[in-house]
>>> print(open('input07.pdb').read())   # PDB, C-alpha atoms, pLDDT in the B column
ATOM      1  CA  MET A   1     -81.842-114.287 105.930  1.00 51.00           C
ATOM      2  CA  ILE A   2     -79.998-111.011 106.321  1.00 60.00           C
ATOM      3  CA  GLU A   3     -80.211-111.067 110.137  1.00 60.00           C
ATOM      4  CA  PHE A   4     -78.644-114.520 110.231  1.00 62.00           C
ATOM      5  CA  SER A   5     -75.916-113.399 107.819  1.00 81.00           C
ATOM      6  CA  LEU A   6     -75.133-110.290 109.871  1.00 86.00           C
ATOM      7  CA  LEU A   7     -74.808-112.360 113.038  1.00 85.00           C
ATOM      8  CA  THR A   8     -72.640-114.891 111.202  1.00 86.00           C
ATOM      9  CA  ALA A   9     -70.356-112.130 109.879  1.00 88.00           C
ATOM     10  CA  LEU A  10     -70.069-110.562 113.340  1.00 89.00           C
ATOM     11  CA  LEU A  11     -69.196-113.857 115.027  1.00 87.00           C
ATOM     12  CA  ALA A  12     -66.832-114.859 112.213  1.00 87.00           C
ATOM     13  CA  GLY A  13     -64.936-111.633 112.766  1.00 85.00           C
ATOM     14  CA  LEU A  14     -64.828-112.206 116.515  1.00 85.00           C
ATOM     15  CA  LEU A  15     -63.783-115.863 116.358  1.00 84.00           C
ATOM     16  CA  GLY A  16     -61.413-115.204 113.464  1.00 80.00           C
ATOM     17  CA  GLY A  17     -59.094-113.496 115.943  1.00 73.00           C
ATOM     18  CA  VAL A  18     -57.087-116.707 116.095  1.00 69.00           C
ATOM     19  CA  HIS A  19     -56.145-115.995 112.475  1.00 70.00           C
ATOM     20  CA  CYS A  20     -55.656-112.253 112.968  1.00 70.00           C
ATOM     21  CA  VAL A  21     -52.927-112.847 115.556  1.00 62.00           C
ATOM     22  CA  GLY A  22     -50.746-114.513 112.945  1.00 59.00           C
ATOM     23  CA  MET A  23     -51.862-112.565 109.881  1.00 62.00           C
ATOM     24  CA  CYS A  24     -51.798-109.045 111.327  1.00 65.00           C
ATOM     25  CA  GLY A  25     -49.375-109.478 114.202  1.00 58.00           C
ATOM     26  CA  GLY A  26     -46.525-107.737 112.404  1.00 62.00           C
ATOM     27  CA  ILE A  27     -48.673-104.789 111.384  1.00 68.00           C
ATOM     28  CA  VAL A  28     -50.123-104.426 114.872  1.00 66.00           C
ATOM     29  CA  ALA A  29     -46.584-104.509 116.275  1.00 62.00           C
ATOM     30  CA  ALA A  30     -45.607-101.691 113.898  1.00 64.00           C
ATOM     31  CA  PHE A  31     -48.539 -99.675 115.229  1.00 66.00           C
ATOM     32  CA  SER A  32     -47.957-100.569 118.864  1.00 60.00           C
ATOM     33  CA  PHE A  33     -44.531 -99.095 119.550  1.00 56.00           C
ATOM     34  CA  ARG A  34     -43.023 -95.692 118.887  1.00 53.00           C
ATOM     35  CA  ALA A  35     -39.390 -94.912 118.230  1.00 46.00           C
ATOM     36  CA  ASP A  36     -38.878 -94.121 121.919  1.00 45.00           C
ATOM     37  CA  GLY A  37     -40.314 -97.505 122.951  1.00 46.00           C
ATOM     38  CA  SER A  38     -43.578 -96.090 124.334  1.00 50.00           C
ATOM     39  CA  SER A  39     -47.018 -97.249 123.239  1.00 54.00           C
ATOM     40  CA  PRO A  40     -49.262 -94.893 121.240  1.00 64.00           C
ATOM     41  CA  PRO A  41     -52.485 -93.744 122.915  1.00 72.00           C
ATOM     42  CA  PHE A  42     -55.719 -95.697 122.609  1.00 78.00           C
ATOM     43  CA  ARG A  43     -57.222 -93.143 120.209  1.00 84.00           C
ATOM     44  CA  LEU A  44     -54.563 -93.955 117.605  1.00 83.00           C
ATOM     45  CA  HIS A  45     -55.269 -97.692 117.887  1.00 82.00           C
ATOM     46  CA  LEU A  46     -58.952 -96.936 117.470  1.00 87.00           C
ATOM     47  CA  ALA A  47     -58.265 -94.777 114.401  1.00 89.00           C
ATOM     48  CA  TYR A  48     -56.189 -97.562 112.787  1.00 87.00           C
ATOM     49  CA  ASN A  49     -59.027-100.003 113.204  1.00 89.00           C
ATOM     50  CA  LEU A  50     -61.759 -97.600 112.122  1.00 93.00           C
ATOM     51  CA  GLY A  51     -59.777 -97.022 108.927  1.00 93.00           C
ATOM     52  CA  ARG A  52     -59.491-100.766 108.396  1.00 92.00           C
ATOM     53  CA  VAL A  53     -63.225-101.316 108.945  1.00 95.00           C
ATOM     54  CA  THR A  54     -63.983 -98.435 106.568  1.00 96.00           C
ATOM     55  CA  SER A  55     -62.101-100.262 103.820  1.00 96.00           C
ATOM     56  CA  TYR A  56     -64.073-103.426 104.570  1.00 96.00           C
ATOM     57  CA  VAL A  57     -67.361-101.528 104.273  1.00 97.00           C
ATOM     58  CA  LEU A  58     -66.288-100.111 100.906  1.00 96.00           C
ATOM     59  CA  PHE A  59     -65.361-103.613  99.705  1.00 95.00           C
ATOM     60  CA  GLY A  60     -68.746-104.892 100.854  1.00 95.00           C
ATOM     61  CA  ALA A  61     -70.593-102.129  99.020  1.00 96.00           C
ATOM     62  CA  LEU A  62     -68.666-102.890  95.823  1.00 95.00           C
ATOM     63  CA  ALA A  63     -69.325-106.629  96.151  1.00 92.00           C
ATOM     64  CA  GLY A  64     -73.005-106.006  96.858  1.00 91.00           C
ATOM     65  CA  THR A  65     -73.219-103.703  93.836  1.00 91.00           C
ATOM     66  CA  LEU A  66     -71.689-106.401  91.664  1.00 88.00           C
ATOM     67  CA  GLY A  67     -74.221-108.884  93.010  1.00 82.00           C
ATOM     68  CA  ALA A  68     -77.052-106.453  92.294  1.00 82.00           C
ATOM     69  CA  SER A  69     -75.805-105.976  88.723  1.00 80.00           C
ATOM     70  CA  LEU A  70     -76.414-109.669  88.166  1.00 70.00           C
ATOM     71  CA  LYS A  71     -80.095-109.042  88.991  1.00 59.00           C
ATOM     72  CA  LEU A  72     -80.036-111.797  91.570  1.00 50.00           C
ATOM     73  CA  ALA A  73     -83.574-111.086  92.699  1.00 51.00           C
ATOM     74  CA  ASP A  74     -84.815-111.908  89.190  1.00 56.00           C
ATOM     75  CA  PHE A  75     -82.542-114.890  88.670  1.00 61.00           C
ATOM     76  CA  LEU A  76     -83.045-117.182  91.640  1.00 63.00           C
ATOM     77  CA  PRO A  77     -80.654-119.998  90.496  1.00 74.00           C
ATOM     78  CA  VAL A  78     -77.718-117.535  90.507  1.00 73.00           C
ATOM     79  CA  GLN A  79     -78.741-116.156  93.897  1.00 74.00           C
ATOM     80  CA  THR A  80     -79.000-119.668  95.305  1.00 78.00           C
ATOM     81  CA  LEU A  81     -75.649-120.650  93.807  1.00 81.00           C
ATOM     82  CA  LEU A  82     -73.900-117.653  95.386  1.00 79.00           C
ATOM     83  CA  TYR A  83     -75.537-118.330  98.737  1.00 80.00           C
ATOM     84  CA  LEU A  84     -74.390-121.958  98.485  1.00 86.00           C
ATOM     85  CA  LEU A  85     -70.863-120.798  97.614  1.00 84.00           C
ATOM     86  CA  ALA A  86     -70.849-118.433 100.592  1.00 82.00           C
ATOM     87  CA  GLN A  87     -71.729-121.259 102.995  1.00 85.00           C
ATOM     88  CA  VAL A  88     -69.117-123.608 101.522  1.00 88.00           C
ATOM     89  CA  VAL A  89     -66.465-120.894 101.824  1.00 84.00           C
ATOM     90  CA  MET A  90     -67.539-120.332 105.429  1.00 85.00           C
ATOM     91  CA  ILE A  91     -67.003-124.038 106.150  1.00 89.00           C
ATOM     92  CA  LEU A  92     -63.579-123.960 104.489  1.00 87.00           C
ATOM     93  CA  LEU A  93     -62.726-120.843 106.490  1.00 83.00           C
ATOM     94  CA  GLY A  94     -63.645-122.602 109.729  1.00 85.00           C
ATOM     95  CA  LEU A  95     -61.541-125.627 108.811  1.00 89.00           C
ATOM     96  CA  TYR A  96     -58.637-123.297 108.036  1.00 83.00           C
ATOM     97  CA  LEU A  97     -58.930-121.501 111.368  1.00 82.00           C
ATOM     98  CA  ALA A  98     -59.032-124.881 113.093  1.00 85.00           C
ATOM     99  CA  GLY A  99     -55.879-126.001 111.256  1.00 84.00           C
ATOM    100  CA  PHE A 100     -57.520-128.742 109.162  1.00 88.00           C
ATOM    101  CA  SER A 101     -57.448-127.170 105.677  1.00 82.00           C
ATOM    102  CA  ARG A 102     -55.585-124.460 103.751  1.00 79.00           C
ATOM    103  CA  TRP A 103     -57.958-124.014 100.798  1.00 79.00           C
ATOM    104  CA  VAL A 104     -58.903-120.500 101.922  1.00 73.00           C
ATOM    105  CA  LEU A 105     -55.320-119.376 101.208  1.00 73.00           C
ATOM    106  CA  VAL A 106     -56.275-119.352  97.518  1.00 75.00           C
ATOM    107  CA  PHE A 107     -58.118-116.097  98.246  1.00 71.00           C
ATOM    108  CA  GLU A 108     -55.068-114.595  99.948  1.00 71.00           C
ATOM    109  CA  ARG A 109     -52.820-115.386  97.004  1.00 74.00           C
ATOM    110  CA  ALA A 110     -55.310-113.740  94.651  1.00 71.00           C
ATOM    111  CA  GLY A 111     -55.130-110.502  96.642  1.00 74.00           C
ATOM    112  CA  GLY A 112     -51.351-110.450  96.900  1.00 77.00           C
ATOM    113  CA  THR A 113     -50.890-108.488  93.661  1.00 79.00           C
ATOM    114  CA  VAL A 114     -53.047-105.607  94.891  1.00 81.00           C
ATOM    115  CA  TRP A 115     -51.294-105.531  98.277  1.00 81.00           C
ATOM    116  CA  LYS A 116     -47.902-105.173  96.581  1.00 84.00           C
ATOM    117  CA  ARG A 117     -49.127-101.862  95.166  1.00 86.00           C
ATOM    118  CA  VAL A 118     -50.712-100.659  98.397  1.00 87.00           C
ATOM    119  CA  LYS A 119     -47.891-101.722 100.755  1.00 84.00           C
ATOM    120  CA  PRO A 120     -45.435 -98.931  99.766  1.00 88.00           C
ATOM    121  CA  LEU A 121     -48.149 -96.336 100.464  1.00 85.00           C
ATOM    122  CA  PHE A 122     -48.851 -97.982 103.795  1.00 83.00           C
ATOM    123  CA  GLN A 123     -45.178 -97.956 104.770  1.00 83.00           C
ATOM    124  CA  LYS A 124     -44.900 -94.231 103.973  1.00 85.00           C
ATOM    125  CA  LEU A 125     -47.511 -93.542 106.658  1.00 82.00           C
ATOM    126  CA  LEU A 126     -45.330 -95.095 109.380  1.00 77.00           C
ATOM    127  CA  PRO A 127     -44.524 -94.087 112.029  1.00 76.00           C
ATOM    128  CA  VAL A 128     -47.982 -92.660 112.692  1.00 78.00           C
ATOM    129  CA  LYS A 129     -48.083 -89.330 114.553  1.00 80.00           C
ATOM    130  CA  SER A 130     -51.645 -88.049 114.067  1.00 84.00           C
ATOM    131  CA  LEU A 131     -55.241 -89.284 113.942  1.00 86.00           C
ATOM    132  CA  PRO A 132     -55.736 -88.574 110.192  1.00 90.00           C
ATOM    133  CA  GLN A 133     -52.487 -90.407 109.469  1.00 88.00           C
ATOM    134  CA  ALA A 134     -53.642 -93.343 111.615  1.00 87.00           C
ATOM    135  CA  LEU A 135     -56.980 -93.458 109.804  1.00 92.00           C
ATOM    136  CA  LEU A 136     -55.268 -93.538 106.384  1.00 93.00           C
ATOM    137  CA  ALA A 137     -52.825 -96.219 107.558  1.00 89.00           C
ATOM    138  CA  GLY A 138     -55.767 -98.272 108.769  1.00 89.00           C
ATOM    139  CA  MET A 139     -57.537 -97.923 105.422  1.00 93.00           C
ATOM    140  CA  ALA A 140     -54.393 -99.139 103.667  1.00 91.00           C
ATOM    141  CA  TRP A 141     -54.170-102.006 106.183  1.00 87.00           C
ATOM    142  CA  GLY A 142     -57.653-103.073 105.042  1.00 89.00           C
ATOM    143  CA  TRP A 143     -56.134-104.075 101.692  1.00 89.00           C
ATOM    144  CA  LEU A 144     -53.926-106.731 103.283  1.00 84.00           C
ATOM    145  CA  PRO A 145     -54.804-110.010 101.495  1.00 81.00           C
ATOM    146  CA  CYS A 146     -56.731-112.030 104.062  1.00 82.00           C
ATOM    147  CA  GLY A 147     -58.685-115.236 103.498  1.00 79.00           C
ATOM    148  CA  LEU A 148     -60.940-114.325 106.408  1.00 83.00           C
ATOM    149  CA  VAL A 149     -61.946-111.004 104.798  1.00 88.00           C
ATOM    150  CA  TYR A 150     -62.355-112.480 101.339  1.00 85.00           C
ATOM    151  CA  SER A 151     -64.514-115.305 102.668  1.00 83.00           C
ATOM    152  CA  ILE A 152     -67.017-112.825 104.094  1.00 87.00           C
ATOM    153  CA  LEU A 153     -66.875-110.836 100.837  1.00 89.00           C
ATOM    154  CA  VAL A 154     -68.398-113.853  99.088  1.00 86.00           C
ATOM    155  CA  SER A 155     -71.393-113.452 101.390  1.00 87.00           C
ATOM    156  CA  ALA A 156     -71.459-109.721 100.582  1.00 89.00           C
ATOM    157  CA  LEU A 157     -71.603-110.605  96.886  1.00 87.00           C
ATOM    158  CA  ALA A 158     -74.539-112.922  97.551  1.00 82.00           C
ATOM    159  CA  ALA A 159     -76.325-110.186  99.521  1.00 83.00           C
ATOM    160  CA  GLY A 160     -77.447-108.644  96.245  1.00 78.00           C
ATOM    161  CA  SER A 161     -77.262-104.931  97.105  1.00 87.00           C
ATOM    162  CA  ALA A 162     -74.639-102.345  98.006  1.00 92.00           C
ATOM    163  CA  THR A 163     -76.350-101.621 101.331  1.00 94.00           C
ATOM    164  CA  SER A 164     -76.574-105.260 102.380  1.00 92.00           C
ATOM    165  CA  GLY A 165     -73.006-105.966 101.284  1.00 93.00           C
ATOM    166  CA  ALA A 166     -71.712-102.971 103.222  1.00 95.00           C
ATOM    167  CA  ALA A 167     -73.737-104.003 106.288  1.00 95.00           C
ATOM    168  CA  LEU A 168     -72.262-107.506 106.216  1.00 94.00           C
ATOM    169  CA  MET A 169     -68.706-106.208 106.063  1.00 95.00           C
ATOM    170  CA  LEU A 170     -69.448-103.651 108.784  1.00 96.00           C
ATOM    171  CA  ALA A 171     -70.705-106.449 111.041  1.00 95.00           C
ATOM    172  CA  PHE A 172     -67.593-108.466 110.270  1.00 93.00           C
ATOM    173  CA  GLY A 173     -65.318-105.499 110.881  1.00 93.00           C
ATOM    174  CA  LEU A 174     -66.956-104.760 114.230  1.00 93.00           C
ATOM    175  CA  GLY A 175     -66.455-108.403 115.171  1.00 90.00           C
ATOM    176  CA  THR A 176     -62.715-108.081 114.562  1.00 88.00           C
ATOM    177  CA  LEU A 177     -62.349-104.956 116.714  1.00 86.00           C
ATOM    178  CA  PRO A 178     -62.040-106.622 120.159  1.00 83.00           C
ATOM    179  CA  ASN A 179     -59.229-108.908 119.000  1.00 79.00           C
ATOM    180  CA  LEU A 180     -57.222-106.371 117.031  1.00 79.00           C
ATOM    181  CA  LEU A 181     -57.653-103.597 119.567  1.00 78.00           C
ATOM    182  CA  GLY A 182     -56.641-106.097 122.234  1.00 74.00           C
ATOM    183  CA  MET A 183     -53.591-107.112 120.204  1.00 70.00           C
ATOM    184  CA  GLY A 184     -52.572-103.485 119.915  1.00 62.00           C
ATOM    185  CA  LEU A 185     -52.857-102.853 123.644  1.00 64.00           C
ATOM    186  CA  PHE A 186     -51.930-106.263 125.094  1.00 61.00           C
ATOM    187  CA  ALA A 187     -50.035-107.968 122.254  1.00 55.00           C
ATOM    188  CA  ARG A 188     -47.549-109.853 124.425  1.00 56.00           C
ATOM    189  CA  GLN A 189     -50.209-111.214 126.782  1.00 58.00           C
ATOM    190  CA  LEU A 190     -52.847-112.078 124.172  1.00 60.00           C
ATOM    191  CA  GLN A 191     -50.818-113.817 121.468  1.00 59.00           C
ATOM    192  CA  PRO A 192     -49.819-116.987 123.408  1.00 64.00           C
ATOM    193  CA  PHE A 193     -53.444-117.638 124.397  1.00 63.00           C
ATOM    194  CA  MET A 194     -54.859-117.109 120.894  1.00 64.00           C
ATOM    195  CA  GLN A 195     -52.304-119.476 119.354  1.00 67.00           C
ATOM    196  CA  GLN A 196     -53.165-122.442 121.585  1.00 77.00           C
ATOM    197  CA  ARG A 197     -54.415-125.389 119.555  1.00 80.00           C
ATOM    198  CA  TRP A 198     -57.663-125.866 121.465  1.00 81.00           C
ATOM    199  CA  VAL A 199     -58.550-122.176 121.061  1.00 80.00           C
ATOM    200  CA  ARG A 200     -57.939-122.279 117.306  1.00 81.00           C
ATOM    201  CA  ARG A 201     -59.911-125.492 116.862  1.00 88.00           C
ATOM    202  CA  ALA A 202     -62.853-124.372 118.971  1.00 88.00           C
ATOM    203  CA  ALA A 203     -63.063-121.060 117.096  1.00 83.00           C
ATOM    204  CA  GLY A 204     -62.608-122.675 113.668  1.00 83.00           C
ATOM    205  CA  LEU A 205     -65.174-125.411 114.181  1.00 90.00           C
ATOM    206  CA  THR A 206     -67.662-122.841 115.443  1.00 88.00           C
ATOM    207  CA  VAL A 207     -67.185-120.780 112.278  1.00 85.00           C
ATOM    208  CA  ALA A 208     -67.565-123.938 110.155  1.00 88.00           C
ATOM    209  CA  SER A 209     -70.830-124.681 111.956  1.00 89.00           C
ATOM    210  CA  PHE A 210     -72.216-121.354 110.676  1.00 86.00           C
ATOM    211  CA  GLY A 211     -71.714-122.579 107.114  1.00 85.00           C
ATOM    212  CA  ILE A 212     -73.249-125.952 107.895  1.00 91.00           C
ATOM    213  CA  TRP A 213     -76.246-124.264 109.483  1.00 86.00           C
ATOM    214  CA  GLY A 214     -76.591-122.038 106.414  1.00 83.00           C
ATOM    215  CA  LEU A 215     -76.667-125.105 104.159  1.00 85.00           C
ATOM    216  CA  LEU A 216     -79.303-126.715 106.367  1.00 86.00           C
ATOM    217  CA  ARG A 217     -81.427-123.562 106.144  1.00 78.00           C
ATOM    218  CA  LEU A 218     -81.089-123.608 102.372  1.00 70.00           C
ATOM    219  CA  GLY A 219     -82.060-127.268 102.239  1.00 69.00           C
ATOM    220  CA  TYR A 220     -85.064-126.691 104.483  1.00 65.00           C
ATOM    221  CA  SER A 221     -86.306-123.793 102.352  1.00 63.00           C
ATOM    222  CA  ALA A 222     -85.880-125.842  99.151  1.00 55.00           C
ATOM    223  CA  PHE A 223     -87.471-128.997 100.581  1.00 52.00           C
ATOM    224  CA  PRO A 224     -89.828-127.972 103.392  1.00 51.00           C
ATOM    225  CA  SER A 225     -91.232-130.734 105.542  1.00 48.00           C
ATOM    226  CA  PRO A 226     -94.868-131.625 104.789  1.00 50.00           C
TER     227      PRO A 226
END
>>> encode(input="input07.pdb", output="structure tokens")
Amino acid sequence: MIEFSLLTALLAGLLGGVHCVGMCGGIVAAFSFRADGSSPPFRLHLAYNLGRVTSYVLFGALAGTLGASLKLADFLPVQTLLYLLAQVVMILLGLYLAGFSRWVLVFERAGGTVWKRVKPLFQKLLPVKSLPQALLAGMAWGWLPCGLVYSILVSALAAGSATSGAALMLAFGLGTLPNLLGMGLFARQLQPFMQQRWVRRAAGLTVASFGIWGLLRLGYSAFPSP
């Protein structure tokens, strides 16, 4: 089911932009304006986001390695349980994006302790003046506690290998690029649209449908029709 999972991660990242506007808006604003009021060039925005996606890929590889250490391929009940958990989290994520539930925030609170340690390092890199500095700032940005990121990490854990986990997080990270690059370049124009209720609900319910579809696939494989 890896192809389905990769597509789900990509689309979750793309549709999760309604969350990114609120979650990362302050950070994007810090990246988007220099001391003289001008906007940094596109290559710096791209470097920020490539650094962020790099962190996601590393997280995915670590989660996949942890999954592999559990020998999921040899212990099908655990593999099935993690896959089930991943789909449930995806549904909760969709409901959160749509504004119907806040359960996913449990993941964000769990990551807050780590971010408190990373944030001072991140702040020392601002204002960004070079591509290497932008890349490092983006990698630090990747540690921002985010329910959207952590939800996909559950799927990376269920993937059962470092390569598959990294691939899932890469697909997710690529899905987030259009929104976060767009926020960096057109923040004032994009934010009002992304915060409209119908946009949030349409995006959230679509993400939730991925989890529902994943559960249906699991049910079909466990109880195939005669």
>>> closest_residue(input="input07.pdb", among="A:Trp103, A:Phe59, A:Tyr83, A:Trp115", to="Gly214 in chain A", atoms="all atoms listed in the file")
A:Tyr83
>>> closest_residue(input="input07.pdb", among="A:Gly64, A:Gly175, A:Gly204, A:Gly182", to="Leu11 in chain A", atoms="only C-alpha atoms")
A:Gly175
>>> closest_residue(input="input07.pdb", among="A:Val207, A:Ala162, A:Leu181, A:Ala134", to="Leu58 in chain A", atoms="only C-alpha atoms")
A:Ala162
>>> closest_residue(input="input07.pdb", among="A:Trp141, A:Phe107, A:Tyr48, A:Trp198", to="Gln123 in chain A", atoms="only C-alpha atoms")
A:Trp141
>>> residues_near_point(input="input07.pdb", point="(-56.7, -104.1, 114.6)", cutoff="9 Å", atoms="only C-alpha atoms", output="JSON, numbers by chain")
{"A": [20, 24, 27, 28, 45, 46, 48, 49, 50, 52, 138, 176, 177, 178, 179, 180, 181, 182, 183, 184]}
>>> resolve_selection(input="input07.pdb", expression="the PyMOL selection byres ((chain A and resi 132) around 12)", output="PyMOL selection string")
chain A and resi 43-48+50-51+125+128-131+133-139
>>> resolve_selection(input="input07.pdb", expression="the PyMOL selection byres ((chain A and resi 108) around 8)", output="list in words")
Val104, Leu105, Val106, Phe107, Arg109, Ala110, Gly111, Gly112, Pro145, Cys146, Gly147 and Tyr150 of chain A
>>> closest_residue(input="input07.pdb", among="A:Pro41, A:Gly142, A:Leu92, A:Ala159", to="Val114 in chain A", atoms="all atoms listed in the file")
A:Gly142
>>> resolve_selection(input="input07.pdb", expression="the PyMOL selection byres ((chain A and resi 165-168) around 9)", output="PyMOL selection string")
chain A and resi 2+5-10+56-65+67+152-153+155-164+169-173
>>> atom_distance(input="input07.pdb", atom1="CA of Thr206 in chain A", atom2="CA of Ser151 in chain A")
15.2 Å
>>> closest_residue(input="input07.pdb", among="A:Leu148, A:Leu215, A:Val118, A:Leu97", to="Ala202 in chain A", atoms="all atoms listed in the file")
A:Leu97
>>> atom_distance(input="input07.pdb", atom1="CA of Leu126 in chain A", atom2="CA of Thr54 in chain A")
19.2 Å
>>> atom_distance(input="input07.pdb", atom1="CA of Pro77 in chain A", atom2="CA of Ile91 in chain A")
21.2 Å
